[in-house]
file start_18.pdb (PDB, C-alpha atoms and all ligand atoms)
ATOM      1  CA  MET E   1     -51.824   3.091 -20.758  1.00  0.00           C
ATOM      2  CA  GLY E   2     -51.243   6.175 -22.863  1.00  0.00           C
ATOM      3  CA  LEU E   3     -48.612   7.939 -24.886  1.00  0.00           C
ATOM      4  CA  CYS E   4     -46.576  10.871 -23.559  1.00  0.00           C
ATOM      5  CA  LYS E   5     -45.844  13.711 -25.986  1.00  0.00           C
ATOM      6  CA  CYS E   6     -42.259  12.340 -26.179  1.00  0.00           C
ATOM      7  CA  ARG E   7     -43.833   9.086 -27.514  1.00  0.00           C
ATOM      8  CA  THR E   8     -42.968   7.068 -24.390  1.00  0.00           C
ATOM      9  CA  VAL E   9     -45.706   4.663 -23.319  1.00  0.00           C
ATOM     10  CA  THR E  10     -46.887   5.607 -19.830  1.00  0.00           C
ATOM     11  CA  ASN E  11     -49.660   4.926 -17.343  1.00  0.00           C
ATOM     12  CA  LEU E  12     -49.179   8.304 -15.638  1.00  0.00           C
ATOM     13  CA  PHE E  13     -51.502  11.252 -16.084  1.00  0.00           C
ATOM     14  CA  CYS E  14     -51.141  14.958 -15.293  1.00  0.00           C
ATOM     15  CA  PHE E  15     -54.329  16.111 -13.542  1.00  0.00           C
ATOM     16  CA  ASP E  16     -53.552  19.799 -14.170  1.00  0.00           C
ATOM     17  CA  HIS E  17     -52.950  19.511 -17.924  1.00  0.00           C
ATOM     18  CA  ARG E  18     -55.186  16.467 -18.387  1.00  0.00           C
ATOM     19  CA  LYS E  19     -52.755  14.485 -20.471  1.00  0.00           C
ATOM     20  CA  ASN E  20     -50.543  11.414 -20.358  1.00  0.00           C
ATOM     21  CA  VAL E  21     -47.031  12.117 -19.195  1.00  0.00           C
ATOM     22  CA  CYS E  22     -43.936   9.949 -18.661  1.00  0.00           C
ATOM     23  CA  GLU E  23     -41.638  10.159 -15.621  1.00  0.00           C
ATOM     24  CA  LYS E  24     -38.945  12.140 -17.463  1.00  0.00           C
ATOM     25  CA  CYS E  25     -41.423  14.706 -18.774  1.00  0.00           C
ATOM     26  CA  ILE E  26     -42.975  15.124 -15.301  1.00  0.00           C
ATOM     27  CA  ILE E  27     -39.616  16.478 -14.159  1.00  0.00           C
ATOM     28  CA  THR E  28     -39.062  18.798 -17.115  1.00  0.00           C
ATOM     29  CA  ASP E  29     -42.598  19.926 -18.029  1.00  0.00           C
ATOM     30  CA  HIS E  30     -44.855  19.312 -14.993  1.00  0.00           C
ATOM     31  CA  PRO E  31     -42.809  20.100 -11.865  1.00  0.00           C
ATOM     32  CA  GLN E  32     -45.754  21.668  -9.990  1.00  0.00           C
ATOM     33  CA  CYS E  33     -48.531  19.444 -11.363  1.00  0.00           C
ATOM     34  CA  ILE E  34     -50.551  16.813  -9.558  1.00  0.00           C
ATOM     35  CA  VAL E  35     -49.672  13.534 -11.298  1.00  0.00           C
ATOM     36  CA  ASN E  36     -51.091  10.091 -10.658  1.00  0.00           C
ATOM     37  CA  SER E  37     -51.989   6.953 -12.598  1.00  0.00           C
ATOM     38  CA  TYR E  38     -54.458   7.256 -15.457  1.00  0.00           C
ATOM     39  CA  LEU E  39     -56.623   4.703 -13.625  1.00  0.00           C
ATOM     40  CA  GLN E  40     -56.796   7.043 -10.620  1.00  0.00           C
ATOM     41  CA  TRP E  41     -57.877   9.873 -12.940  1.00  0.00           C
ATOM     42  CA  LEU E  42     -60.700   7.726 -14.329  1.00  0.00           C
ATOM     43  CA  GLN E  43     -61.867   6.809 -10.821  1.00  0.00           C
ATOM     44  CA  ASP E  44     -61.709  10.316  -9.361  1.00  0.00           C
ATOM     45  CA  SER E  45     -60.634  13.395 -11.292  1.00  0.00           C
ATOM     46  CA  ASP E  46     -60.967  15.635  -8.225  1.00  0.00           C
ATOM     47  CA  PHE E  47     -57.696  16.845  -6.745  1.00  0.00           C
ATOM     48  CA  LYS E  48     -56.431  19.464  -4.347  1.00  0.00           C
ATOM     49  CA  ASP E  49     -53.629  21.637  -5.660  1.00  0.00           C
ATOM     50  CA  GLU E  50     -52.092  22.010  -2.204  1.00  0.00           C
ATOM     51  CA  CYS E  51     -49.382  20.558   0.037  1.00  0.00           C
ATOM     52  CA  ALA E  52     -50.936  17.851   2.229  1.00  0.00           C
ATOM     53  CA  ILE E  53     -48.763  18.931   5.181  1.00  0.00           C
ATOM     54  CA  CYS E  54     -49.293  22.714   5.364  1.00  0.00           C
ATOM     55  CA  LYS E  55     -52.443  22.894   3.208  1.00  0.00           C
ATOM     56  CA  THR E  56     -51.104  25.840   1.195  1.00  0.00           C
ATOM     57  CA  SER E  57     -50.599  26.170  -2.564  1.00  0.00           C
ATOM     58  CA  LEU E  58     -47.981  24.090  -4.375  1.00  0.00           C
ATOM     59  CA  LYS E  59     -47.373  26.957  -6.797  1.00  0.00           C
ATOM     60  CA  GLU E  60     -45.004  28.585  -4.311  1.00  0.00           C
ATOM     61  CA  GLY E  61     -41.859  27.366  -2.557  1.00  0.00           C
ATOM     62  CA  GLU E  62     -39.394  24.589  -3.429  1.00  0.00           C
ATOM     63  CA  LEU E  63     -41.159  21.286  -4.000  1.00  0.00           C
ATOM     64  CA  ILE E  64     -40.169  17.634  -3.728  1.00  0.00           C
ATOM     65  CA  ARG E  65     -41.952  14.880  -5.621  1.00  0.00           C
ATOM     66  CA  LEU E  66     -41.583  11.520  -3.876  1.00  0.00           C
ATOM     67  CA  CYS E  67     -41.361   8.196  -5.738  1.00  0.00           C
ATOM     68  CA  CYS E  68     -45.100   7.746  -5.082  1.00  0.00           C
ATOM     69  CA  LEU E  69     -45.537  10.944  -7.201  1.00  0.00           C
ATOM     70  CA  ASP E  70     -47.038  12.834  -4.245  1.00  0.00           C
ATOM     71  CA  LEU E  71     -45.848  16.440  -4.193  1.00  0.00           C
ATOM     72  CA  PHE E  72     -44.913  18.470  -1.085  1.00  0.00           C
ATOM     73  CA  HIS E  73     -42.974  21.544  -0.087  1.00  0.00           C
ATOM     74  CA  LEU E  74     -39.395  20.413   0.605  1.00  0.00           C
ATOM     75  CA  GLU E  75     -39.480  22.542   3.750  1.00  0.00           C
ATOM     76  CA  CYS E  76     -42.622  20.757   5.008  1.00  0.00           C
ATOM     77  CA  ILE E  77     -41.155  17.254   4.443  1.00  0.00           C
ATOM     78  CA  ASN E  78     -37.936  18.247   6.235  1.00  0.00           C
ATOM     79  CA  ALA E  79     -39.805  19.800   9.165  1.00  0.00           C
ATOM     80  CA  LYS E  80     -41.966  16.697   9.566  1.00  0.00           C
ATOM     81  CA  CYS E  81     -39.027  14.252   9.348  1.00  0.00           C
ATOM     82  CA  ASN E  82     -36.769  16.285  11.630  1.00  0.00           C
ATOM     83  CA  MET E  83     -39.412  15.914  14.349  1.00  0.00           C
ATOM     84  CA  LEU E  84     -38.857  12.123  14.482  1.00  0.00           C
ATOM     85  CA  PRO E  85     -36.188  10.801  16.913  1.00  0.00           C
ATOM     86  CA  GLU E  86     -32.643  10.413  15.529  1.00  0.00           C
ATOM     87  CA  ASN E  87     -32.587   6.589  15.596  1.00  0.00           C
ATOM     88  CA  THR E  88     -35.747   6.255  13.485  1.00  0.00           C
ATOM     89  CA  PRO E  89     -35.220   3.569  10.786  1.00  0.00           C
ATOM     90  CA  ILE E  90     -35.365   4.531   7.107  1.00  0.00           C
ATOM     91  CA  ASN E  91     -38.729   2.829   6.527  1.00  0.00           C
ATOM     92  CA  LYS E  92     -40.419   4.960   9.196  1.00  0.00           C
ATOM     93  CA  TYR E  93     -39.821   8.180   7.248  1.00  0.00           C
ATOM     94  CA  THR E  94     -42.872   7.891   5.028  1.00  0.00           C
ATOM     95  CA  CYS E  95     -45.013   9.926   2.652  1.00  0.00           C
ATOM     96  CA  PRO E  96     -47.679  11.726   4.729  1.00  0.00           C
ATOM     97  CA  THR E  97     -50.326  10.835   2.130  1.00  0.00           C
ATOM     98  CA  CYS E  98     -49.689   7.211   1.086  1.00  0.00           C
ATOM     99  CA  LYS E  99     -47.169   6.041   3.751  1.00  0.00           C
ATOM    100  CA  ARG E 100     -44.579   4.794   1.250  1.00  0.00           C
ATOM    101  CA  GLN E 101     -40.903   5.193   2.204  1.00  0.00           C
ATOM    102  CA  ILE E 102     -39.601   8.677   1.292  1.00  0.00           C
ATOM    103  CA  ILE E 103     -35.954   7.768   0.616  1.00  0.00           C
ATOM    104  CA  PRO E 104     -35.665   5.619  -2.529  1.00  0.00           C
ATOM    105  CA  SER E 105     -34.028   2.201  -2.053  1.00  0.00           C
ATOM    106  CA  GLU E 106     -30.386   2.031  -3.188  1.00  0.00           C
ATOM    107  CA  ASN E 107     -31.252  -0.081  -6.257  1.00  0.00           C
ATOM    108  CA  VAL E 108     -33.781   2.477  -7.565  1.00  0.00           C
ATOM    109  CA  THR E 109     -32.146   4.561 -10.312  1.00  0.00           C
ATOM    110  CA  SER E 110     -35.152   6.389 -11.785  1.00  0.00           C
ATOM    111  CA  PRO E 111     -34.843  10.122 -12.583  1.00  0.00           C
ATOM    112  CA  LEU E 112     -37.290  10.917  -9.754  1.00  0.00           C
ATOM    113  CA  ALA E 113     -35.200   8.940  -7.236  1.00  0.00           C
ATOM    114  CA  SER E 114     -32.024  10.771  -8.299  1.00  0.00           C
ATOM    115  CA  ILE E 115     -33.695  14.154  -7.817  1.00  0.00           C
ATOM    116  CA  ILE E 116     -35.024  13.128  -4.379  1.00  0.00           C
ATOM    117  CA  ARG E 117     -31.480  12.151  -3.287  1.00  0.00           C
ATOM    118  CA  VAL E 118     -30.101  15.500  -4.481  1.00  0.00           C
ATOM    119  CA  LYS E 119     -32.880  17.521  -2.828  1.00  0.00           C
ATOM    120  CA  LEU E 120     -32.426  15.713   0.506  1.00  0.00           C
ATOM    121  CA  ALA E 121     -28.608  15.822   0.423  1.00  0.00           C
ATOM    122  CA  ASP E 122     -28.523  18.677   2.955  1.00  0.00           C
ATOM    123  CA  SER E 123     -31.408  17.435   5.127  1.00  0.00           C
ATOM    124  CA  LYS E 124     -30.142  16.402   8.550  1.00  0.00           C
ATOM    125  CA  TRP E 125     -32.587  13.507   8.945  1.00  0.00           C
ATOM    126  CA  ALA E 126     -31.837  12.028   5.484  1.00  0.00           C
ATOM    127  CA  ILE E 127     -28.016  12.225   5.385  1.00  0.00           C
ATOM    128  CA  PRO E 128     -27.401   8.858   7.190  1.00  0.00           C
ATOM    129  CA  PHE E 129     -29.538   7.058   4.581  1.00  0.00           C
ATOM    130  CA  LEU E 130     -28.101   8.658   1.437  1.00  0.00           C
ATOM    131  CA  PRO E 131     -25.094   7.386  -0.522  1.00  0.00           C
ATOM    132  CA  LYS E 132     -21.845   9.133   0.464  1.00  0.00           C
ATOM    133  CA  LYS E 133     -20.932  12.159  -1.623  1.00  0.00           C
ATOM    134  CA  PRO E 134     -18.368  11.441  -4.360  1.00  0.00           C
ATOM    135  CA  ALA E 135     -14.771  11.611  -3.106  1.00  0.00           C
ATOM    136  CA  THR E 136     -13.826  14.268  -5.670  1.00  0.00           C
ATOM    137  CA  THR E 137     -15.849  16.996  -3.932  1.00  0.00           C
ATOM    138  CA  GLU E 138     -14.342  16.132  -0.529  1.00  0.00           C
ATOM    139  CA  ASN E 139     -10.814  15.998  -1.886  1.00  0.00           C
ATOM    140  CA  SER E 140     -11.036  19.442  -3.447  1.00  0.00           C
ATOM    141  CA  ASN E 141     -10.244  20.937  -0.013  1.00  0.00           C
ATOM    142  CA  ASN E 142      -7.381  18.538   0.625  1.00  0.00           C
ATOM    143  CA  MET E 143      -5.684  18.848  -2.756  1.00  0.00           C
ATOM    144  CA  PRO E 144      -3.294  21.734  -1.881  1.00  0.00           C
ATOM    145  CA  ILE E 145      -2.118  19.855   1.250  1.00  0.00           C
ATOM    146  CA  MET E 146      -1.355  16.784  -0.833  1.00  0.00           C
ATOM    147  CA  ASP E 147       0.627  18.868  -3.344  1.00  0.00           C
ATOM    148  CA  VAL E 148       2.782  20.346  -0.583  1.00  0.00           C
ATOM    149  CA  ASN E 149       3.483  16.897   0.857  1.00  0.00           C
ATOM    150  CA  LEU E 150       4.334  15.518  -2.559  1.00  0.00           C
ATOM    151  CA  SER E 151       6.856  18.284  -3.279  1.00  0.00           C
ATOM    152  CA  ASN E 152       8.472  17.742   0.136  1.00  0.00           C
ATOM    153  CA  ILE E 153       8.925  14.076  -0.599  1.00  0.00           C
ATOM    154  CA  GLN E 154      10.302  14.752  -4.064  1.00  0.00           C
ATOM    155  CA  ASN E 155      12.854  17.191  -2.605  1.00  0.00           C
ATOM    156  CA  ALA E 156      13.832  14.637   0.012  1.00  0.00           C
ATOM    157  CA  ASN E 157      14.392  12.020  -2.686  1.00  0.00           C
ATOM    158  CA  PHE E 158      16.461  14.485  -4.671  1.00  0.00           C
ATOM    159  CA  THR E 159      18.928  15.045  -1.811  1.00  0.00           C
ATOM    160  CA  VAL E 160      19.303  11.301  -1.414  1.00  0.00           C
ATOM    161  CA  ASN E 161      19.921  10.886  -5.141  1.00  0.00           C
ATOM    162  CA  THR E 162      22.975  13.170  -4.963  1.00  0.00           C
ATOM    163  CA  TYR E 163      24.731  10.317  -3.134  1.00  0.00           C
ATOM    164  CA  ASP E 164      24.018   8.209  -6.191  1.00  0.00           C
ATOM    165  CA  ASP E 165      23.330   5.074  -4.202  1.00  0.00           C
ATOM    166  CA  ARG E 166      20.777   2.806  -5.865  1.00  0.00           C
ATOM    167  CA  ASP E 167      20.028   0.955  -2.625  1.00  0.00           C
ATOM    168  CA  VAL E 168      18.446   4.011  -1.018  1.00  0.00           C
ATOM    169  CA  LEU E 169      15.456   4.534  -3.295  1.00  0.00           C
ATOM    170  CA  PRO E 170      14.020   0.985  -3.443  1.00  0.00           C
ATOM    171  CA  THR E 171      13.987   0.724   0.367  1.00  0.00           C
ATOM    172  CA  HIS E 172      11.831   3.857   0.451  1.00  0.00           C
ATOM    173  CA  GLY E 173       9.693   2.853  -2.523  1.00  0.00           C
ATOM    174  CA  PRO E 174       6.757   1.498  -0.489  1.00  0.00           C
ATOM    175  CA  THR E 175       6.807   4.430   1.947  1.00  0.00           C
ATOM    176  CA  LYS E 176       5.386   6.929  -0.546  1.00  0.00           C
ATOM    177  CA  PRO E 177       2.210   4.954  -1.465  1.00  0.00           C
ATOM    178  CA  GLN E 178       1.588   4.260   2.230  1.00  0.00           C
ATOM    179  CA  ILE E 179       1.420   7.970   2.994  1.00  0.00           C
ATOM    180  CA  PHE E 180      -1.343   8.482   0.465  1.00  0.00           C
ATOM    181  CA  GLY E 181      -2.844   5.022   1.008  1.00  0.00           C
ATOM    182  CA  ILE E 182      -4.148   6.007   4.443  1.00  0.00           C
ATOM    183  CA  ARG E 183      -6.219   8.780   2.899  1.00  0.00           C
ATOM    184  CA  ASP E 184      -9.857   7.753   3.139  1.00  0.00           C
ATOM    185  CA  GLY E 185     -12.902   9.734   2.112  1.00  0.00           C
ATOM    186  CA  ASP E 186     -14.731   8.696   5.308  1.00  0.00           C
ATOM    187  CA  GLU E 187     -11.859   9.550   7.606  1.00  0.00           C
ATOM    188  CA  ASP E 188     -11.906  12.675   9.754  1.00  0.00           C
ATOM    189  CA  LYS E 189     -10.246  15.420   7.739  1.00  0.00           C
ATOM    190  CA  TYR E 190      -8.075  16.744  10.565  1.00  0.00           C
ATOM    191  CA  GLY E 191      -7.166  13.265  11.795  1.00  0.00           C
ATOM    192  CA  THR E 192      -5.930  12.441   8.313  1.00  0.00           C
ATOM    193  CA  LYS E 193      -3.761  15.545   8.173  1.00  0.00           C
ATOM    194  CA  LYS E 194      -2.219  14.696  11.544  1.00  0.00           C
ATOM    195  CA  ASN E 195      -1.399  11.143  10.433  1.00  0.00           C
ATOM    196  CA  GLU E 196       0.088  12.387   7.198  1.00  0.00           C
ATOM    197  CA  ASN E 197       2.262  14.928   8.979  1.00  0.00           C
ATOM    198  CA  ASN E 198       3.528  12.296  11.418  1.00  0.00           C
ATOM    199  CA  LEU E 199       4.284   9.847   8.621  1.00  0.00           C
ATOM    200  CA  LEU E 200       6.020  12.578   6.659  1.00  0.00           C
ATOM    201  CA  LYS E 201       8.162  13.503   9.666  1.00  0.00           C
ATOM    202  CA  GLU E 202       9.106   9.854  10.203  1.00  0.00           C
ATOM    203  CA  PHE E 203       9.878   9.514   6.511  1.00  0.00           C
ATOM    204  CA  ILE E 204      12.126  12.602   6.455  1.00  0.00           C
ATOM    205  CA  SER E 205      13.897  11.679   9.705  1.00  0.00           C
ATOM    206  CA  SER E 206      14.589   8.206   8.286  1.00  0.00           C
ATOM    207  CA  LEU E 207      16.061   9.919   5.216  1.00  0.00           C
ATOM    208  CA  ASN E 208      18.317  12.011   7.484  1.00  0.00           C
ATOM    209  CA  VAL E 209      19.549   8.841   9.204  1.00  0.00           C
ATOM    210  CA  HIS E 210      20.402   7.405   5.788  1.00  0.00           C
ATOM    211  CA  GLN E 211      22.159  10.611   4.730  1.00  0.00           C
ATOM    212  CA  ARG E 212      24.313  10.603   7.877  1.00  0.00           C
ATOM    213  CA  PHE E 213      25.014   6.909   7.383  1.00  0.00           C
ATOM    214  CA  TYR E 214      26.267   7.429   3.828  1.00  0.00           C
ATOM    215  CA  LYS E 215      28.308  10.523   4.745  1.00  0.00           C
ATOM    216  CA  LYS E 216      30.103   8.444   7.398  1.00  0.00           C
ATOM    217  CA  LYS E 217      30.590   5.601   4.938  1.00  0.00           C
ATOM    218  CA  ILE E 218      32.240   7.898   2.385  1.00  0.00           C
ATOM    219  CA  LEU E 219      34.421   9.529   5.059  1.00  0.00           C
ATOM    220  CA  TYR E 220      35.641   6.133   6.315  1.00  0.00           C
ATOM    221  CA  GLY E 221      36.300   5.080   2.715  1.00  0.00           C
ATOM    222  CA  VAL E 222      38.460   8.148   2.045  1.00  0.00           C
ATOM    223  CA  ILE E 223      40.418   7.701   5.312  1.00  0.00           C
ATOM    224  CA  ALA E 224      40.972   4.001   4.575  1.00  0.00           C
ATOM    225  CA  PHE E 225      42.143   4.846   1.045  1.00  0.00           C
ATOM    226  CA  ILE E 226      44.657   7.446   2.350  1.00  0.00           C
ATOM    227  CA  ILE E 227      46.019   5.019   4.964  1.00  0.00           C
ATOM    228  CA  ILE E 228      46.385   2.169   2.444  1.00  0.00           C
ATOM    229  CA  PHE E 229      47.998   4.508  -0.122  1.00  0.00           C
ATOM    230  CA  SER E 230      50.532   5.864   2.379  1.00  0.00           C
ATOM    231  CA  ILE E 231      51.391   2.335   3.626  1.00  0.00           C
ATOM    232  CA  LEU E 232      51.922   1.202   0.017  1.00  0.00           C
ATOM    233  CA  SER E 233      54.169   4.185  -0.768  1.00  0.00           C
ATOM    234  CA  ILE E 234      56.233   3.552   2.393  1.00  0.00           C
ATOM    235  CA  ILE E 235      56.632  -0.132   1.491  1.00  0.00           C
ATOM    236  CA  SER E 236      57.524   0.673  -2.125  1.00  0.00           C
ATOM    237  CA  SER E 237      60.279   3.069  -0.974  1.00  0.00           C
ATOM    238  CA  PHE E 238      62.042   0.109   0.751  1.00  0.00           C
ATOM    239  CA  ILE E 239      61.749  -2.215  -2.255  1.00  0.00           C
ATOM    240  CA  PRO E 240      64.141  -1.297  -5.112  1.00  0.00           C
ATOM    241  CA  SER E 241      62.416  -0.779  -8.460  1.00  0.00           C
ATOM    242  CA  ASN E 242      62.990  -3.147 -11.424  1.00  0.00           C
ATOM    243  CA  ALA E 243      65.160  -0.561 -13.176  1.00  0.00           C
ATOM    244  CA  GLU E 244      67.465  -0.223 -10.161  1.00  0.00           C
ATOM    245  CA  LYS E 245      67.566  -4.047  -9.887  1.00  0.00           C
ATOM    246  CA  ASP E 246      68.678  -4.326 -13.534  1.00  0.00           C
ATOM    247  CA  ILE E 247      71.438  -1.772 -13.007  1.00  0.00           C
ATOM    248  CA  ASN E 248      72.599  -3.540  -9.832  1.00  0.00           C
ATOM    249  CA  ASP E 249      72.622  -6.909 -11.682  1.00  0.00           C
ATOM    250  CA  LYS E 250      74.741  -5.491 -14.521  1.00  0.00           C
ATOM    251  CA  ILE E 251      77.224  -4.045 -12.038  1.00  0.00           C
TER     252      ILE E 251
HETATM  253 ZN    ZN E 301     -42.401  12.035 -21.870  1.00  0.00          ZN
HETATM  254 ZN    ZN E 302     -48.879  19.051 -15.854  1.00  0.00          ZN
HETATM  255 ZN    ZN E 303     -46.294  22.452   2.540  1.00  0.00          ZN
HETATM  256 ZN    ZN E 304     -47.164   9.308  -1.350  1.00  0.00          ZN
END
call {"tool": "encode", "arguments": {"input": "start_18.pdb", "output": "structure tokens", "more": "lines below"}}
Ligand SMILES: [Zn+2]
Ligand SMILES: [Zn+2]
Ligand SMILES: [Zn+2]
Ligand SMILES: [Zn+2]
result
Amino acid sequence: MGLCKCRTVTNLFCFDHRKNVCEKCIITDHPQCIVNSYLQWLQDSDFKDECAICKTSLKEGELIRLCCLDLFHLECINAKCNMLPENTPINKYTCPTCKRQIIPSENVTSPLASIIRVKLADSKWAIPFLPKKPATTENSNNMPIMDVNLSNIQNANFTVNTYDDRDVLPTHGPTKPQIFGIRDGDEDKYGTKKNENNLLKEFISSLNVHQRFYKKKILYGVIAFIIIFSILSIISSFIPSNAEKDINDKI
């Protein structure tokens, strides 16, 4: 055990700088250094400053430090792993030096593990084993489409509102969340668009049906009112008014 310069207790040791170093400081201050346990240093201070895969210097090229602390060129790790068949299980992609699993287990949250996940995010062989990218980055492409759909729906609601019928909106209340509810980060982007367009069309056509229905209703109402009014006026012309009755009574 030793003390890193940041005063964290550590059992790790930088072979290049010959000093104790904690995991965080390896990342910031010793990215190209050979690091191992202090015990290992005491047993054998010899080390090769080269990539175990291509046997060339680690001072050039992008590097990746695995959870076992072994350091390789990122390119070399990717080339080696891409050579394995596609259905290879996660535990068969191992460090060429110590044979520990390259991809950190899901429950490992150390700074080194986070960096490994980021560095391998674009590696074909590693993608199936890495956590899915946050939805926000995927949605950034879809956002404008969603805005257009939203404005369409709002316009559609507005035309319905001009009929001032409170029964119309609640019946369509659940429709709006359903349209966006089917959006799923894992779903095929183009498939999603298709579904949304279909749902939107159905939604708008159902609105049109309602509009026609209410137009008819109002028309029938007006016709009925005119008929009833004219019947009443015809009837009233046959019945003498109270004033006429009074005059007739007096006579
Ligand atoms: Zn430190
Ligand atoms: Zn160092
Ligand atoms: Zn290499
Ligand atoms: Zn290793």
call {"tool": "atom_distance", "arguments": {"input": "start_18.pdb", "atom1": "atom CA of E:Cys25", "atom2": "atom CA of E:Cys67"}}
result
14.6 Å
call {"tool": "atom_distance", "arguments": {"input": "start_18.pdb", "atom1": "atom CA of E:Phe129", "atom2": "atom CA of E:Cys22"}}
result
27.5 Å
call {"tool": "residues_near_ligand", "arguments": {"input": "start_18.pdb", "ligand": "ligand ZN 302 (chain E)", "cutoff": "8 Å", "atoms": "only C-alpha atoms and all ligand atoms", "output": "list in words"}}
result
Cys14, Phe15, Asp16, His17, Arg18, Lys19, Val21, Ile26, Asp29, His30, Pro31, Gln32, Cys33, Ile34 and Val35 of chain E
call {"tool": "residues_near_ligand", "arguments": {"input": "start_18.pdb", "ligand": "ligand ZN 304 (chain E)", "cutoff": "6 Å", "atoms": "only C-alpha atoms and all ligand atoms", "output": "VMD selection string"}}
result
chain E and resid 68 70 95 97 to 98 100
call {"tool": "atom_distance", "arguments": {"input": "start_18.pdb", "atom1": "atom CA of E:Gln101", "atom2": "atom CA of E:Lys48"}}
result
22.1 Å
call {"tool": "residues_near_ligand", "arguments": {"input": "start_18.pdb", "ligand": "ligand ZN 303 (chain E)", "cutoff": "7 Å", "atoms": "all atoms listed in the file", "output": "PDB file with C-alpha atoms, keeping the file's coordinate frame"}}
result
ATOM      1  CA  CYS E  51     -49.382  20.558   0.037  1.00  0.00           C
ATOM      2  CA  ALA E  52     -50.936  17.851   2.229  1.00  0.00           C
ATOM      3  CA  ILE E  53     -48.763  18.931   5.181  1.00  0.00           C
ATOM      4  CA  CYS E  54     -49.293  22.714   5.364  1.00  0.00           C
ATOM      5  CA  LYS E  55     -52.443  22.894   3.208  1.00  0.00           C
ATOM      6  CA  THR E  56     -51.104  25.840   1.195  1.00  0.00           C
ATOM      7  CA  PHE E  72     -44.913  18.470  -1.085  1.00  0.00           C
ATOM      8  CA  HIS E  73     -42.974  21.544  -0.087  1.00  0.00           C
ATOM      9  CA  GLU E  75     -39.480  22.542   3.750  1.00  0.00           C
ATOM     10  CA  CYS E  76     -42.622  20.757   5.008  1.00  0.00           C
TER      11      CYS E  76
END
call {"tool": "residues_near_ligand", "arguments": {"input": "start_18.pdb", "ligand": "ligand ZN 301 (chain E)", "cutoff": "10 Å", "atoms": "all atoms listed in the file", "output": "short mmCIF file (atom, residue, chain, number, x, y, z; two decimals) with C-alpha atoms, keeping the file's coordinate frame"}}
result
data_model
loop_
_atom_site.label_atom_id
_atom_site.label_comp_id
_atom_site.auth_asym_id
_atom_site.auth_seq_id
_atom_site.Cartn_x
_atom_site.Cartn_y
_atom_site.Cartn_z
CA LEU E 3 -48.61 7.94 -24.89
CA CYS E 4 -46.58 10.87 -23.56
CA LYS E 5 -45.84 13.71 -25.99
CA CYS E 6 -42.26 12.34 -26.18
CA ARG E 7 -43.83 9.09 -27.51
CA THR E 8 -42.97 7.07 -24.39
CA VAL E 9 -45.71 4.66 -23.32
CA THR E 10 -46.89 5.61 -19.83
CA LEU E 12 -49.18 8.30 -15.64
CA ASN E 20 -50.54 11.41 -20.36
CA VAL E 21 -47.03 12.12 -19.20
CA CYS E 22 -43.94 9.95 -18.66
CA GLU E 23 -41.64 10.16 -15.62
CA LYS E 24 -38.94 12.14 -17.46
CA CYS E 25 -41.42 14.71 -18.77
CA ILE E 26 -42.98 15.12 -15.30
CA ILE E 27 -39.62 16.48 -14.16
CA THR E 28 -39.06 18.80 -17.11
CA ASP E 29 -42.60 19.93 -18.03
#
call {"tool": "resolve_selection", "arguments": {"input": "start_18.pdb", "expression": "the PyMOL selection byres (((chain E and resi 125) around 7) and not hetatm)", "output": "list in words"}}
result
Cys81, Asn82, Ser123, Lys124, Ala126 and Ile127 of chain E
call {"tool": "closest_residue", "arguments": {"input": "start_18.pdb", "among": "E:Leu71, E:Ile223, E:Asp49, E:Gly2", "to": "E:Ser37", "atoms": "only C-alpha atoms"}}
result
E:Gly2
